[in-house]
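Engineer: I have a structure here, written as structure tokens, and I will follow up with some questions on it.
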2 protein chains.
Amino acid sequence: MARRRRRDRGRVSYLDRIAECNAHEPGNFVPFVVAGEHLGLVRHGFARRLSDFPASFAVTDRGVTMAPGLDTFDARTSAAAEALRRLADAGDITGWRGEPYPVGGRFAGPHSMAMERCAVPLFGVRAYGVHINGFVRDPDGAIRMWIARRAAGKETYPGMLDNMIAGGQPIGIGLMDNVIKEAAEEASVPAALARRAVPVGAVSYRHDTEDGFKPDAMFAYDLELPRDFEPVNSDGEIAEFHLWPIERVMETVAETTEFKFNCNLIIIDFLVRHGLIGPERADYLDIVGGLRR
Amino acid sequence: MARRRRRDRGRVSYLDRIAECNAHEPGNFVPFVVAGEHLGLVRHGFARRLSDFPASFAVTDRGVTMAPGLDTFDARTSAAAEALRRLADAGDITGWRGEPYPVGGRFAGPHSMAMERCAVPLFGVRAYGVHINGFVRDPDGAIRMWIARRAAGKETYPGMLDNMIAGGQPIGIGLMDNVIKEAAEEASVPAALARRAVPVGAVSYRHDTEDGFKPDAMFAYDLELPRDFEPVNSDGEIAEFHLWPIERVMETVAETTEFKFNCNLIIIDFLVRHGLIGPERADYLDIVGGLRR
């Protein structure tokens, strides 16, 4: 961490964080199409691997589709799960979560199929999440924000900084129910307090990962906490929490890559909405426009 | 007004307001290019009219540029002003304001030239404005919003509903100074109170008008007012103010076209940021994404 921080010192730019979230090379992918709808992007190497499962996937030079005859939500979901389970057994897919994510259509549905969470980026399909800005307001109006550090043993982005509460959005659970669940698991927030989280918008990005592509949308919430509330992790996913003056959060976002990439967008959106990033900045409209791709 | 309201009854959609703000037919325009930079769009008819002023503008089938030799900010500004003044004298341009707007480059500059405000949409150049959501919070947390009705004699959008305070952003005045000036003129808000306006983001759109094109960006501010504050217009541009429960504002935005088109976006953005339009809506991500084009 110290090394990463030093390396980035001197670069002070929210736009750098936005650009990192939107690093994408279309040439590295072929489309993933279901029932004529372009749902995602698959890296060339993973597309070749999928051609080993012709009962589930049809792979050509032009892209990946579901195998012929897989015409319903349930048929597609089962066939994909069968192949993905075998890929996981072979060690080609890691980090199995057992959480089905919706695939295709709008967030509210109807969806084309469901797919195990850890495979979603491999198919470059849009995933959704909830991110909660937990903060306190001091008597003089100053804002301090709760920041989480991800556990060293997490499969993805271990040890990086994170929003106080954040989680992926599986199929079959409402957004506020997910907020309440994640708030309890990650930070021991009582349900009555978590329910005060105010939905304040969404951010989105198009981000290449090593194995895939994440064209994701995150629902943002603000949760103003009592000053004496102290988050305590209960699921082992968070190593520690810090209550930082907002200036330190701003500096860390602008000058370092210590936060997991998409958490930067959630914080930048918070800073814009609370007037902490102001329109006098020459890059203001680029920042505001950059939060939703 | 009553007729317009009745006609739209039954259509309940924030997306309709967003779509109206972004009604644009590219085929009706040719580009306005300055020093190689595409700055705007000019309707075919107005481009033909500009060809009557060859000392100021070079007009071809491919677009409108400044006449050869007009290579500096001052030269372009003077030459355009000369032609525009004559067009105004001939009655081809109405609503002269005497307010120079910046043209070209980013909002913060450097700019390619300045241009009289009323001509900016004729050249389809981006204009900027400040829009202030004036609201009060009742003891139970309920929000009421101050709404203005534009004077019947206003050159543009007479009699329509508007945000409590809003104004174009001329060249040479800071954003907060403009907020304070407009707050004083439009609603007699003391400077110390106006200064509490919090910048909360920006909305943008690409909107055809009868004579031109507005690819504009509006800086949004929230101004929470004391419950006993009463706005009083002092420049004749506002006919009346109303303090409406937020539910009535929401209904008016969703079901009618009573608000001046771009004020709808400012209010919708307010509703999103305050959790009054929530992510359970099937159209939530379309709404959030639609506010900035």
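The chains in the structure tokens are called A, B, ... from first to last as shown; in each chain the residues are counted from 1, and the ligands are counted from 1 in the order shown.
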Would you list, as a ChimeraX atom specification, the residues of stretch 70-172 of chain A that end up in strand (DSSP E) under DSSP run on this structure's backbone?
Structural biologist: /A:100-103,113-116,128-137,143-150,161-163,165-168
Engineer: Please identify which residues in stretch 197-286 of chain B DSSP calls alpha helix (DSSP H) from the backbone, and express them as a PyMOL selection string.
Structural biologist: chain B and resi 246-255+261-273+284-286
Engineer: Given only C-alpha atoms, how would the per-residue table for chain B near chain A read, listing every residue at most 9 Å away with its closest atom pair and distance in Å to one decimal, sorted by chain and number, as JSON lines?
Structural biologist:
```
{"residue": "B:Arg106", "atom": "CA", "partner": "A:Ala282", "partner_atom": "CA", "distance": 7.5}
{"residue": "B:Phe107", "atom": "CA", "partner": "A:Ala282", "partner_atom": "CA", "distance": 7.1}
{"residue": "B:Ala108", "atom": "CA", "partner": "A:Ala282", "partner_atom": "CA", "distance": 5.2}
{"residue": "B:Gly109", "atom": "CA", "partner": "A:Ala282", "partner_atom": "CA", "distance": 8.1}
{"residue": "B:Gly174", "atom": "CA", "partner": "A:Glu280", "partner_atom": "CA", "distance": 8.0}
{"residue": "B:Leu175", "atom": "CA", "partner": "A:Glu280", "partner_atom": "CA", "distance": 7.2}
{"residue": "B:Met176", "atom": "CA", "partner": "A:Glu280", "partner_atom": "CA", "distance": 8.8}
{"residue": "B:Val198", "atom": "CA", "partner": "A:Gly275", "partner_atom": "CA", "distance": 5.5}
{"residue": "B:Pro199", "atom": "CA", "partner": "A:Gly275", "partner_atom": "CA", "distance": 4.8}
{"residue": "B:Val200", "atom": "CA", "partner": "A:Arg273", "partner_atom": "CA", "distance": 4.1}
{"residue": "B:Gly201", "atom": "CA", "partner": "A:Val272", "partner_atom": "CA", "distance": 5.8}
{"residue": "B:Ala202", "atom": "CA", "partner": "A:Val288", "partner_atom": "CA", "distance": 6.9}
{"residue": "B:Val203", "atom": "CA", "partner": "A:Val288", "partner_atom": "CA", "distance": 8.7}
{"residue": "B:Ala217", "atom": "CA", "partner": "A:Leu285", "partner_atom": "CA", "distance": 8.4}
{"residue": "B:Phe219", "atom": "CA", "partner": "A:Pro279", "partner_atom": "CA", "distance": 7.4}
{"residue": "B:Tyr221", "atom": "CA", "partner": "A:Gly275", "partner_atom": "CA", "distance": 8.7}
{"residue": "B:Asp269", "atom": "CA", "partner": "A:Gly201", "partner_atom": "CA", "distance": 8.8}
{"residue": "B:Leu271", "atom": "CA", "partner": "A:Val200", "partner_atom": "CA", "distance": 8.6}
{"residue": "B:Val272", "atom": "CA", "partner": "A:Val200", "partner_atom": "CA", "distance": 5.6}
{"residue": "B:Arg273", "atom": "CA", "partner": "A:Val200", "partner_atom": "CA", "distance": 4.1}
{"residue": "B:His274", "atom": "CA", "partner": "A:Val200", "partner_atom": "CA", "distance": 6.0}
{"residue": "B:Gly275", "atom": "CA", "partner": "A:Pro199", "partner_atom": "CA", "distance": 4.8}
{"residue": "B:Leu276", "atom": "CA", "partner": "A:Pro199", "partner_atom": "CA", "distance": 8.3}
{"residue": "B:Ile277", "atom": "CA", "partner": "A:Pro199", "partner_atom": "CA", "distance": 8.3}
{"residue": "B:Gly278", "atom": "CA", "partner": "A:Pro199", "partner_atom": "CA", "distance": 6.2}
{"residue": "B:Pro279", "atom": "CA", "partner": "A:Pro199", "partner_atom": "CA", "distance": 7.0}
{"residue": "B:Glu280", "atom": "CA", "partner": "A:Leu175", "partner_atom": "CA", "distance": 7.3}
{"residue": "B:Arg281", "atom": "CA", "partner": "A:Ala108", "partner_atom": "CA", "distance": 7.7}
{"residue": "B:Ala282", "atom": "CA", "partner": "A:Ala108", "partner_atom": "CA", "distance": 5.2}
{"residue": "B:Asp283", "atom": "CA", "partner": "A:Ala108", "partner_atom": "CA", "distance": 8.3}
{"residue": "B:Tyr284", "atom": "CA", "partner": "A:Gly201", "partner_atom": "CA", "distance": 8.5}
{"residue": "B:Leu285", "atom": "CA", "partner": "A:Ala202", "partner_atom": "CA", "distance": 7.2}
{"residue": "B:Val288", "atom": "CA", "partner": "A:Gly201", "partner_atom": "CA", "distance": 6.6}
{"residue": "B:Gly289", "atom": "CA", "partner": "A:Arg292", "partner_atom": "CA", "distance": 6.5}
{"residue": "B:Arg292", "atom": "CA", "partner": "A:Gly289", "partner_atom": "CA", "distance": 6.5}
{"residue": "B:Arg293", "atom": "CA", "partner": "A:Gly289", "partner_atom": "CA", "distance": 8.0}
```
